[in-house]
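Step one of this worksheet: look at the structure below.
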Amino acid sequence: MSSSPTAYADIPTTTLADLLGRDQVMDLGVRPLWPSMPRVAGPAFTVQCPPGDNLMLHAAIHRAAPGSVIVVESGDLDYALAGGNVCAVAQRRGVVAFVADGVIRDIGEVRESGFPVHARGVVPYPGTKKAVRPLDEPVRCAGVRVEAGDVVVADEDGVVVVPAARQEEVLRAAEAKLAREADQTLDAWEEAHRTRIDAILAESGFEG
């Protein structure tokens, strides 16, 4: 029986990054926009918004399935992709988060509602609504290729994308890694860590 992407809500992004490598980790510019944001996980619903335009994100909130993470390719830092009402409607429709390579506005309203948004920042001026683009097509968000249905996990450490085809494999590996770490004391970790670091230093001829 296949697991739901929501199972990834129990997996830290640090664990996933260790397993998947740098290519699946969004760059540090995309970050939580309000403090103590809970970890979120869900299948990607992908959106393309050219600079200065937010039409397709506004269309997406009425089309993304409940449980989705809406992922936006934009790269624009001058015009907001969404504001408080768009986030509120998305939240009401069951969207679990926005992950946007761009900026939003009305952060006070978004924070008060508790809607998770990972983006590049906040700007008060909105974009226009003219550019029609296809929805649920592959996008590139903060350096990572994201396809519809990929599992997006976002927490205070960042955003990681798990390819849909590897969902089961990566989840099993992550759960096993966390179980091993839970059974290891800090003393045992310190001993193993020092042994490994000292071996690397010795191989490089370091003395001290």
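Just so we're on the same page: first chain in the structure tokens is A, next is B, and so on; residues restart at 1 for each chain, and ligands are numbered from 1 in the order they show up.
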Counting only C-alpha atoms, which residues of range 41-80 of chain A sit at most 12 Å from some atom of range 13-32 of chain A, and what is each one's closest atom pair with its distance in Å to one decimal, listed by chain and rising residue number, as CSV?
```
residue,atom,partner,partner_atom,distance
A:Ala41,CA,A:Thr13,CA,10.1
A:Val71,CA,A:Val30,CA,11.3
A:Val72,CA,A:Val30,CA,11.1
A:Glu73,CA,A:Val30,CA,11.5
A:Ser74,CA,A:Val30,CA,11.8
A:Gly75,CA,A:Val30,CA,10.3
A:Leu77,CA,A:Gly29,CA,11.1
```
Long-range neighbours of Leu81 in chain A as a PyMOL selection string, 10 Å cut-off, only C-alpha atoms, 4 positions minimum in chain | chain A and resi 49+51-58+72+74+76-77+86+100-105+119+122-123+125-129
Each residue of range 57-107 of chain A with at least one atom at most 9 Å from range 144-157 of chain A should appear once, together with its nearest atom pair and the corresponding distance in Å (one decimal); atoms considered: only C-alpha atoms; ordering: chain, then increasing residue number; output as CSV.
```
residue,atom,partner,partner_atom,distance
A:Ser68,CA,A:Gly149,CA,8.7
A:Val69,CA,A:Val152,CA,6.8
A:Val71,CA,A:Val146,CA,8.0
A:Ala97,CA,A:Ala154,CA,8.9
A:Val99,CA,A:Ala154,CA,8.2
```
How far is it from CA of Gln184 in chain A to CA of Ile197 in chain A, in Å with one decimal?
->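 We find that CA of Gln184 in chain A and CA of Ile197 in chain A lie 18.1 Å from each other.
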